[in-house]
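Each remark here refers to the structure printed beneath this line.
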Amino acid sequence: MQFEMPSRHLGLKHLTLVGCLCTAFAALYAPTTALAKKHGSGQSSQLAKTVKPRQGAKHAQHKGTALNEDIHVMAWAQEAAPRLQLDPAWLHKTMAQAQRLPVVEKLVLPSPSPVAKDWAAYRARFIEPTRIQAGARFWRKHQATLERAEQAFGVPASIVVGIIGVETLYGQNTGNFRLIDALGTLAFHFPDAHPRAVERQAFFRSELEQFLQLSARSGADPLSVRGSYAGAMGLPQFMPSSWVKYAVDFDGDGRIDLFGSPADAIGSVANYFKAFQWRTGMPTHYPVSLNAQTDMDTLMAPDILPTFSVASFIAKGAGLEGSALAHPGPLALIELRNGPNAPSYVAGTENFYAITRYNWSSYYAMAVIELADAVAREVRNSP
Ligand SMILES: [Ca+2]
């Protein structure tokens, strides 16, 4: 899932949602690259030894050519094995079976004919009965785990449910690209036509390396792991670097399995937000009213980065009411465009910003929040 959307403070022109929706949204919003997940080392984590494909899941065979036809790949493997402390024979054997996939190279490029951003159209994809019902089932089934995660990490159950729903429809769409092919392609053949090709290729090279280390450490077969075309894995669509840094064993079975353990996925999403400074009890956003005198240039300049105190927000002509007037932290004026119609605006808090650390898009964040609310209502109203 990707689009061309602003994230000015990050210097990104194009944003990407990682996951199952990539293909669906490639048509609607220009696809690019970019993943919200940051690099890092940290706790020891591992891939499940056996990654079982979802029953009945179809693994489309993506057509490609042998990745190691490129001499750079084997030269890299030579250099990388000692640096990554990987068995050279294992690394060579693994990379010899990796495929360069032209479809992946296409998917990371911005659309040649971008469609105007349209929050209403975007929203309609996620806030709909099938996803809300699936979310309510997930919530009821995992209620005790969600409550435990809320206690442990301070992140509301609804937000965790919203994320897993937007990312993979509660595990129904976790992606069918072999990780080794997706990451191998982007690590060595990231399309030059992309405006940030050099930087993105380096990012994916690092993700590939972390994926290989993760596989080797846990004894998992790297050729059996599948995910999005951009290399995101499991129910929460974690990139390898996020898996290494933020994934947790939340069902206590001694391993981290973001594919087969909803509990590990729930704990890992909550831990991710805790790491990105989720503020327990703080709303994500408030309604805001604007008028002809509102100083839009100043208010829009920091984009989604919360910058303005309540007093400063109001002084610049952005009206707030009720509990928003007592909000303790900085706010951002969030603009959601509606195609040819007038944009929608909200006042985003630090927690709105935290959701955009999962995926650098205010449209994504708003979809997560609204799905979270819709599922919470459904669970309340028909327990
Ligand atoms: Ca586990």
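Chain labels A, B, ... are given in the sequence in which chains occur in the structure tokens; within each chain residues are numbered consecutively from 1, and ligands are likewise numbered from 1 in the order shown.
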
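A distance search around ligand 1 (6 Å at most, only C-alpha atoms and all ligand atoms) returns the following protein and nucleic acid residues: Asp249, Phe250, Asp251, Gly252, Asp253, Gly254, Arg255, Ile256, Asp257 and Asp264 of chain A.
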
Can you write out the residues you just picked, keeping N, CA and C atoms, as a compact mmCIF listing (two decimals), in the first residue's frame?
```txt
# COMPACT_ATOMS: atom_id res chain seq x y z
N ASP A 249 8.34 -11.70 22.21
CA ASP A 249 7.67 -12.99 22.44
C ASP A 249 6.60 -12.74 23.48
N PHE A 250 5.36 -12.56 23.04
CA PHE A 250 4.32 -12.14 23.99
C PHE A 250 3.43 -13.31 24.43
N ASP A 251 3.63 -14.49 23.82
CA ASP A 251 2.90 -15.65 24.33
C ASP A 251 3.81 -16.56 25.17
N GLY A 252 5.06 -16.14 25.30
CA GLY A 252 5.94 -16.82 26.24
C GLY A 252 6.39 -18.21 25.81
N ASP A 253 6.37 -18.49 24.51
CA ASP A 253 6.80 -19.83 24.10
C ASP A 253 8.28 -19.88 23.73
N GLY A 254 8.98 -18.76 23.98
CA GLY A 254 10.43 -18.77 23.80
C GLY A 254 10.90 -18.38 22.41
N ARG A 255 9.97 -18.05 21.52
CA ARG A 255 10.39 -17.60 20.19
C ARG A 255 9.43 -16.51 19.73
N ILE A 256 9.88 -15.76 18.75
CA ILE A 256 9.02 -14.69 18.22
C ILE A 256 8.47 -15.15 16.88
N ASP A 257 7.16 -15.17 16.79
CA ASP A 257 6.52 -15.61 15.55
C ASP A 257 5.43 -14.62 15.16
N ASP A 264 2.12 -12.68 19.79
CA ASP A 264 3.42 -12.05 19.50
C ASP A 264 3.21 -10.80 18.64
```

*Which polymer residues have any atom within 12 Å of an atom of Val73 of chain A, counting only C-alpha atoms, with same-chain residues fewer than 2 positions away left out, as a PyMOL selection string?*
chain A and resi 66-71+75-81+91-92+94-100+184-189+205+208

Those selected residues, please, written with C-alpha atoms and delivered as a PDB file, in the first residue's frame.
```pdb
ATOM      1  CA  ALA A  66      18.512 -15.604 -11.045  1.00  0.00           C
ATOM      2  CA  LEU A  67      19.710 -12.764  -8.867  1.00  0.00           C
ATOM      3  CA  ASN A  68      23.284 -14.042  -8.906  1.00  0.00           C
ATOM      4  CA  GLU A  69      23.571 -13.435 -12.641  1.00  0.00           C
ATOM      5  CA  ASP A  70      24.705 -10.056 -11.359  1.00  0.00           C
ATOM      6  CA  ILE A  71      28.357 -10.336 -10.327  1.00  0.00           C
ATOM      7  CA  ALA A  75      30.911 -10.141  -4.696  1.00  0.00           C
ATOM      8  CA  TRP A  76      28.672  -8.812  -1.959  1.00  0.00           C
ATOM      9  CA  ALA A  77      28.116 -12.328  -0.560  1.00  0.00           C
ATOM     10  CA  GLN A  78      31.892 -12.822  -0.416  1.00  0.00           C
ATOM     11  CA  GLU A  79      32.336  -9.633   1.556  1.00  0.00           C
ATOM     12  CA  ALA A  80      29.172  -9.909   3.645  1.00  0.00           C
ATOM     13  CA  ALA A  81      29.561 -13.430   5.035  1.00  0.00           C
ATOM     14  CA  LEU A  91      24.952 -17.501   2.132  1.00  0.00           C
ATOM     15  CA  HIS A  92      26.089 -18.457  -1.368  1.00  0.00           C
ATOM     16  CA  THR A  94      20.793 -19.049  -0.367  1.00  0.00           C
ATOM     17  CA  MET A  95      21.590 -16.190  -2.734  1.00  0.00           C
ATOM     18  CA  ALA A  96      22.013 -18.613  -5.633  1.00  0.00           C
ATOM     19  CA  GLN A  97      18.315 -19.397  -5.302  1.00  0.00           C
ATOM     20  CA  ALA A  98      17.136 -15.790  -5.052  1.00  0.00           C
ATOM     21  CA  GLN A  99      15.242 -14.276  -7.953  1.00  0.00           C
ATOM     22  CA  ARG A 100      15.336 -10.787  -9.365  1.00  0.00           C
ATOM     23  CA  GLY A 184      17.292  -9.193  -3.007  1.00  0.00           C
ATOM     24  CA  THR A 185      15.735  -7.345  -5.928  1.00  0.00           C
ATOM     25  CA  LEU A 186      15.500  -4.042  -4.065  1.00  0.00           C
ATOM     26  CA  ALA A 187      18.948  -4.434  -2.514  1.00  0.00           C
ATOM     27  CA  PHE A 188      20.683  -4.902  -5.851  1.00  0.00           C
ATOM     28  CA  HIS A 189      18.336  -3.618  -8.552  1.00  0.00           C
ATOM     29  CA  ARG A 205      20.579  -3.872   1.379  1.00  0.00           C
ATOM     30  CA  LEU A 208      18.323  -8.017   3.379  1.00  0.00           C
TER      31      LEU A 208
END
```

If we count only C-alpha atoms and set the cut-off at 10 Å, which residues sit around Gly231 of chain A, ignoring sequence neighbours fewer than 2 positions away in its own chain? Please answer as a PDB file with N, CA and C atoms, in the first residue's frame.
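Output saved as part-v4.pdb:
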```pdb
ATOM      1  N   VAL A  18       3.498  -0.320   3.895  1.00  0.00           N
ATOM      2  CA  VAL A  18       4.089  -1.621   3.665  1.00  0.00           C
ATOM      3  C   VAL A  18       3.005  -2.652   3.812  1.00  0.00           C
ATOM      4  N   GLY A  19       2.858  -3.487   2.869  1.00  0.00           N
ATOM      5  CA  GLY A  19       1.977  -4.591   3.158  1.00  0.00           C
ATOM      6  C   GLY A  19       1.078  -4.997   2.036  1.00  0.00           C
ATOM      7  N   LEU A  35       9.897   2.775   4.168  1.00  0.00           N
ATOM      8  CA  LEU A  35       9.238   2.007   5.181  1.00  0.00           C
ATOM      9  C   LEU A  35       9.421   2.703   6.484  1.00  0.00           C
ATOM     10  N   GLY A 175       1.052 -11.126   2.370  1.00  0.00           N
ATOM     11  CA  GLY A 175       1.988 -10.971   1.251  1.00  0.00           C
ATOM     12  C   GLY A 175       2.497 -12.308   0.752  1.00  0.00           C
ATOM     13  N   PHE A 177       5.213 -12.630  -1.629  1.00  0.00           N
ATOM     14  CA  PHE A 177       6.550 -12.574  -2.237  1.00  0.00           C
ATOM     15  C   PHE A 177       7.539 -13.284  -1.325  1.00  0.00           C
ATOM     16  N   ARG A 178       8.415 -14.079  -1.909  1.00  0.00           N
ATOM     17  CA  ARG A 178       9.505 -14.606  -1.086  1.00  0.00           C
ATOM     18  C   ARG A 178      10.353 -13.411  -0.647  1.00  0.00           C
ATOM     19  N   LEU A 179      10.610 -13.339   0.655  1.00  0.00           N
ATOM     20  CA  LEU A 179      11.386 -12.210   1.172  1.00  0.00           C
ATOM     21  C   LEU A 179      12.741 -12.101   0.482  1.00  0.00           C
ATOM     22  N   ILE A 180      13.341 -13.253   0.249  1.00  0.00           N
ATOM     23  CA  ILE A 180      14.680 -13.247  -0.332  1.00  0.00           C
ATOM     24  C   ILE A 180      14.651 -12.622  -1.741  1.00  0.00           C
ATOM     25  N   ASP A 181      13.556 -12.837  -2.470  1.00  0.00           N
ATOM     26  CA  ASP A 181      13.429 -12.253  -3.809  1.00  0.00           C
ATOM     27  C   ASP A 181      13.128 -10.750  -3.728  1.00  0.00           C
ATOM     28  N   ALA A 182      12.149 -10.399  -2.870  1.00  0.00           N
ATOM     29  CA  ALA A 182      11.758  -8.992  -2.757  1.00  0.00           C
ATOM     30  C   ALA A 182      12.946  -8.149  -2.277  1.00  0.00           C
ATOM     31  N   LEU A 183      13.557  -8.588  -1.177  1.00  0.00           N
ATOM     32  CA  LEU A 183      14.662  -7.796  -0.625  1.00  0.00           C
ATOM     33  C   LEU A 183      15.896  -7.874  -1.518  1.00  0.00           C
ATOM     34  N   GLY A 184      16.145  -9.052  -2.107  1.00  0.00           N
ATOM     35  CA  GLY A 184      17.292  -9.193  -3.007  1.00  0.00           C
ATOM     36  C   GLY A 184      17.161  -8.281  -4.220  1.00  0.00           C
ATOM     37  N   LEU A 186      15.398  -5.461  -4.435  1.00  0.00           N
ATOM     38  CA  LEU A 186      15.500  -4.042  -4.065  1.00  0.00           C
ATOM     39  C   LEU A 186      16.890  -3.683  -3.535  1.00  0.00           C
ATOM     40  N   PHE A 204      17.413  -1.147   1.615  1.00  0.00           N
ATOM     41  CA  PHE A 204      17.016  -2.536   1.372  1.00  0.00           C
ATOM     42  C   PHE A 204      18.197  -3.501   1.482  1.00  0.00           C
ATOM     43  N   GLU A 207      18.239  -4.174   5.054  1.00  0.00           N
ATOM     44  CA  GLU A 207      17.120  -5.047   5.429  1.00  0.00           C
ATOM     45  C   GLU A 207      17.402  -6.489   5.017  1.00  0.00           C
ATOM     46  N   LEU A 208      17.969  -6.669   3.833  1.00  0.00           N
ATOM     47  CA  LEU A 208      18.323  -8.017   3.379  1.00  0.00           C
ATOM     48  C   LEU A 208      19.321  -8.652   4.346  1.00  0.00           C
ATOM     49  N   PHE A 211      17.627  -9.622   7.492  1.00  0.00           N
ATOM     50  CA  PHE A 211      16.770 -10.783   7.257  1.00  0.00           C
ATOM     51  C   PHE A 211      17.606 -12.068   7.245  1.00  0.00           C
ATOM     52  N   VAL A 225      10.236 -17.895   3.687  1.00  0.00           N
ATOM     53  CA  VAL A 225       9.553 -16.761   4.321  1.00  0.00           C
ATOM     54  C   VAL A 225       8.954 -15.859   3.244  1.00  0.00           C
ATOM     55  N   ARG A 226       7.669 -15.532   3.432  1.00  0.00           N
ATOM     56  CA  ARG A 226       6.984 -14.675   2.450  1.00  0.00           C
ATOM     57  C   ARG A 226       6.434 -13.415   3.100  1.00  0.00           C
ATOM     58  N   GLY A 227       6.306 -12.386   2.275  1.00  0.00           N
ATOM     59  CA  GLY A 227       5.782 -11.125   2.795  1.00  0.00           C
ATOM     60  C   GLY A 227       5.443 -10.182   1.653  1.00  0.00           C
ATOM     61  N   SER A 228       5.431  -8.897   1.950  1.00  0.00           N
ATOM     62  CA  SER A 228       5.049  -7.910   0.940  1.00  0.00           C
ATOM     63  C   SER A 228       6.177  -7.740  -0.076  1.00  0.00           C
ATOM     64  N   TYR A 229       5.874  -7.084  -1.172  1.00  0.00           N
ATOM     65  CA  TYR A 229       6.908  -6.852  -2.187  1.00  0.00           C
ATOM     66  C   TYR A 229       8.049  -6.008  -1.639  1.00  0.00           C
ATOM     67  N   MET A 233       6.791  -8.391   6.914  1.00  0.00           N
ATOM     68  CA  MET A 233       6.419  -9.762   7.284  1.00  0.00           C
ATOM     69  C   MET A 233       5.329  -9.848   8.352  1.00  0.00           C
ATOM     70  N   GLN A 237       3.235  -6.825   9.573  1.00  0.00           N
ATOM     71  CA  GLN A 237       4.076  -6.361   8.464  1.00  0.00           C
ATOM     72  C   GLN A 237       5.307  -5.623   8.961  1.00  0.00           C
ATOM     73  N   PHE A 238       6.088  -6.304   9.773  1.00  0.00           N
ATOM     74  CA  PHE A 238       7.356  -5.744  10.250  1.00  0.00           C
ATOM     75  C   PHE A 238       8.448  -5.982   9.211  1.00  0.00           C
ATOM     76  N   MET A 239       9.235  -4.963   8.974  1.00  0.00           N
ATOM     77  CA  MET A 239      10.450  -5.140   8.201  1.00  0.00           C
ATOM     78  C   MET A 239      11.447  -5.919   9.072  1.00  0.00           C
ATOM     79  N   PRO A 240      12.450  -6.556   8.447  1.00  0.00           N
ATOM     80  CA  PRO A 240      13.428  -7.288   9.257  1.00  0.00           C
ATOM     81  C   PRO A 240      14.042  -6.440  10.377  1.00  0.00           C
TER      82      PRO A 240
END
```

*Go through A:Thr145, A:Ser158, A:Thr349, A:Ser261 and flag the residue nearest Gln277 of chain A, using only C-alpha atoms for the distances.*
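Among the listed residues, A:Thr349 lies closest to Gln277 of chain A.
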
Check segment 151-263 of chain A with DSSP on the backbone and list each residue it calls strand (DSSP E or B), as a CSV table (one decimal) with N, CA and C atoms, in the first residue's frame.
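Wrote it out as result-v9.csv, contents follow:
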```csv
chain,number,residue,atom,x,y,z
A,177,PHE,N,5.2,-12.6,-1.6
A,177,PHE,CA,6.5,-12.6,-2.2
A,177,PHE,C,7.5,-13.3,-1.3
A,178,ARG,N,8.4,-14.1,-1.9
A,178,ARG,CA,9.5,-14.6,-1.1
A,178,ARG,C,10.4,-13.4,-0.6
A,226,ARG,N,7.7,-15.5,3.4
A,226,ARG,CA,7.0,-14.7,2.4
A,226,ARG,C,6.4,-13.4,3.1
A,227,GLY,N,6.3,-12.4,2.3
A,227,GLY,CA,5.8,-11.1,2.8
A,227,GLY,C,5.4,-10.2,1.7
A,233,MET,N,6.8,-8.4,6.9
A,233,MET,CA,6.4,-9.8,7.3
A,233,MET,C,5.3,-9.8,8.4
A,238,PHE,N,6.1,-6.3,9.8
A,238,PHE,CA,7.4,-5.7,10.2
A,238,PHE,C,8.4,-6.0,9.2
```

Hey, what's within 6 Å of segment 325-338 of chain A if we count only C-alpha atoms and toss same-chain stuff fewer than 5 positions away? As a PDB file with C-alpha atoms, in the first residue's frame, please?
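Result file is around_19.pdb:
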```pdb
ATOM      1  CA  LYS A 117      -5.153  12.273  -3.011  1.00  0.00           C
ATOM      2  CA  ASP A 118      -8.597  11.450  -1.774  1.00  0.00           C
ATOM      3  CA  TRP A 119      -9.180  10.726   1.896  1.00  0.00           C
ATOM      4  CA  ILE A 304       2.498  16.407  10.709  1.00  0.00           C
ATOM      5  CA  LEU A 305       5.150  17.182  13.308  1.00  0.00           C
ATOM      6  CA  PRO A 306       3.351  18.450  16.434  1.00  0.00           C
ATOM      7  CA  THR A 307       4.747  21.948  16.900  1.00  0.00           C
ATOM      8  CA  PHE A 308       2.126  24.417  18.173  1.00  0.00           C
ATOM      9  CA  SER A 309       0.842  24.890  21.713  1.00  0.00           C
ATOM     10  CA  PRO A 343      -9.710  19.070   2.290  1.00  0.00           C
ATOM     11  CA  SER A 344     -10.486  17.797   5.795  1.00  0.00           C
ATOM     12  CA  TYR A 345      -8.447  19.018   8.752  1.00  0.00           C
ATOM     13  CA  VAL A 346      -7.817  17.790  12.277  1.00  0.00           C
ATOM     14  CA  ALA A 347      -5.499  18.849  15.080  1.00  0.00           C
ATOM     15  CA  GLY A 348      -3.040  15.963  15.464  1.00  0.00           C
ATOM     16  CA  THR A 349      -1.335  15.209  18.771  1.00  0.00           C
TER      17      THR A 349
END
```

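You can rank A:Val108, A:Phe190, A:Gly154, A:Val379 by their closest distance to Lys141 of chain A using only C-alpha atoms, and at the top of that list sits A:Val379.
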
*asked:* Could you pull out the helix (DSSP H, G or I) residues of segment 88-304 of chain A, going by DSSP on the backbone, and write them as a PyMOL selection string?
replied: chain A and resi 88-96+102-107+119-126+129-141+143-153+157-168+179-188+197-218+222-224+240-246+262-275+296-300

_Length of the atom CA of Tyr272 of chain A to atom CA of Pro195 of chain A vector [Å]_ =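 Taking atom CA of Tyr272 of chain A as the start and atom CA of Pro195 of chain A as the end point, the length is 28.8 Å.
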
*Please provide as a PyMOL selection string all residues within 8 Å of Glu370 of chain A, with the sequence filter that same-chain residues fewer than 4 positions apart are discarded (counting only C-alpha atoms).*
chain A and resi 127+162+366+374

*Please provide the set of residues having any atom within 10 Å of Leu146 of chain A, restricted to only C-alpha atoms, with same-chain residues fewer than 6 positions apart removed, written as an NGL selection string.*
:A and (138-140 or 152 or 155-158 or 160-161 or 262-263 or 266-267 or 270)

Can I get the selected residues back with N, CA and C atoms, as a PDB file, in the first residue's frame?
```pdb
ATOM      1  N   PHE A 138     -11.404 -10.550  15.864  1.00  0.00           N
ATOM      2  CA  PHE A 138     -10.021 -10.598  16.359  1.00  0.00           C
ATOM      3  C   PHE A 138      -9.969 -10.084  17.796  1.00  0.00           C
ATOM      4  N   TRP A 139     -10.655  -8.992  18.037  1.00  0.00           N
ATOM      5  CA  TRP A 139     -10.662  -8.376  19.366  1.00  0.00           C
ATOM      6  C   TRP A 139     -11.230  -9.337  20.418  1.00  0.00           C
ATOM      7  N   ARG A 140     -12.397  -9.918  20.094  1.00  0.00           N
ATOM      8  CA  ARG A 140     -13.042 -10.823  21.072  1.00  0.00           C
ATOM      9  C   ARG A 140     -12.156 -12.035  21.343  1.00  0.00           C
ATOM     10  N   ALA A 152       0.903  -3.693  29.707  1.00  0.00           N
ATOM     11  CA  ALA A 152       2.369  -3.789  29.647  1.00  0.00           C
ATOM     12  C   ALA A 152       2.997  -2.602  28.917  1.00  0.00           C
ATOM     13  N   VAL A 155      -0.433   1.047  25.403  1.00  0.00           N
ATOM     14  CA  VAL A 155      -1.014   1.359  24.085  1.00  0.00           C
ATOM     15  C   VAL A 155      -2.409   0.724  24.005  1.00  0.00           C
ATOM     16  N   PRO A 156      -3.429   1.514  23.624  1.00  0.00           N
ATOM     17  CA  PRO A 156      -4.791   0.979  23.639  1.00  0.00           C
ATOM     18  C   PRO A 156      -4.965  -0.230  22.711  1.00  0.00           C
ATOM     19  N   ALA A 157      -5.796  -1.166  23.160  1.00  0.00           N
ATOM     20  CA  ALA A 157      -6.138  -2.338  22.348  1.00  0.00           C
ATOM     21  C   ALA A 157      -6.643  -1.896  20.977  1.00  0.00           C
ATOM     22  N   SER A 158      -7.443  -0.835  20.949  1.00  0.00           N
ATOM     23  CA  SER A 158      -8.068  -0.417  19.680  1.00  0.00           C
ATOM     24  C   SER A 158      -7.010  -0.046  18.646  1.00  0.00           C
ATOM     25  N   VAL A 160      -3.888  -1.166  18.417  1.00  0.00           N
ATOM     26  CA  VAL A 160      -3.235  -2.402  17.958  1.00  0.00           C
ATOM     27  C   VAL A 160      -4.152  -3.114  16.947  1.00  0.00           C
ATOM     28  N   VAL A 161      -5.440  -3.174  17.276  1.00  0.00           N
ATOM     29  CA  VAL A 161      -6.414  -3.812  16.385  1.00  0.00           C
ATOM     30  C   VAL A 161      -6.519  -3.031  15.062  1.00  0.00           C
ATOM     31  N   PRO A 262      -0.748 -14.599  17.005  1.00  0.00           N
ATOM     32  CA  PRO A 262      -1.381 -13.283  17.160  1.00  0.00           C
ATOM     33  C   PRO A 262      -0.890 -12.570  18.419  1.00  0.00           C
ATOM     34  N   ALA A 263      -0.606 -13.332  19.463  1.00  0.00           N
ATOM     35  CA  ALA A 263      -0.132 -12.696  20.705  1.00  0.00           C
ATOM     36  C   ALA A 263       1.213 -12.005  20.485  1.00  0.00           C
ATOM     37  N   ILE A 266       0.492  -8.868  18.546  1.00  0.00           N
ATOM     38  CA  ILE A 266      -0.133  -7.832  19.386  1.00  0.00           C
ATOM     39  C   ILE A 266       0.923  -7.165  20.279  1.00  0.00           C
ATOM     40  N   GLY A 267       1.701  -7.980  20.955  1.00  0.00           N
ATOM     41  CA  GLY A 267       2.731  -7.429  21.841  1.00  0.00           C
ATOM     42  C   GLY A 267       3.759  -6.608  21.075  1.00  0.00           C
ATOM     43  N   ALA A 270       2.335  -3.187  20.029  1.00  0.00           N
ATOM     44  CA  ALA A 270       2.262  -2.308  21.199  1.00  0.00           C
ATOM     45  C   ALA A 270       3.661  -1.857  21.624  1.00  0.00           C
TER      46      ALA A 270
END
```
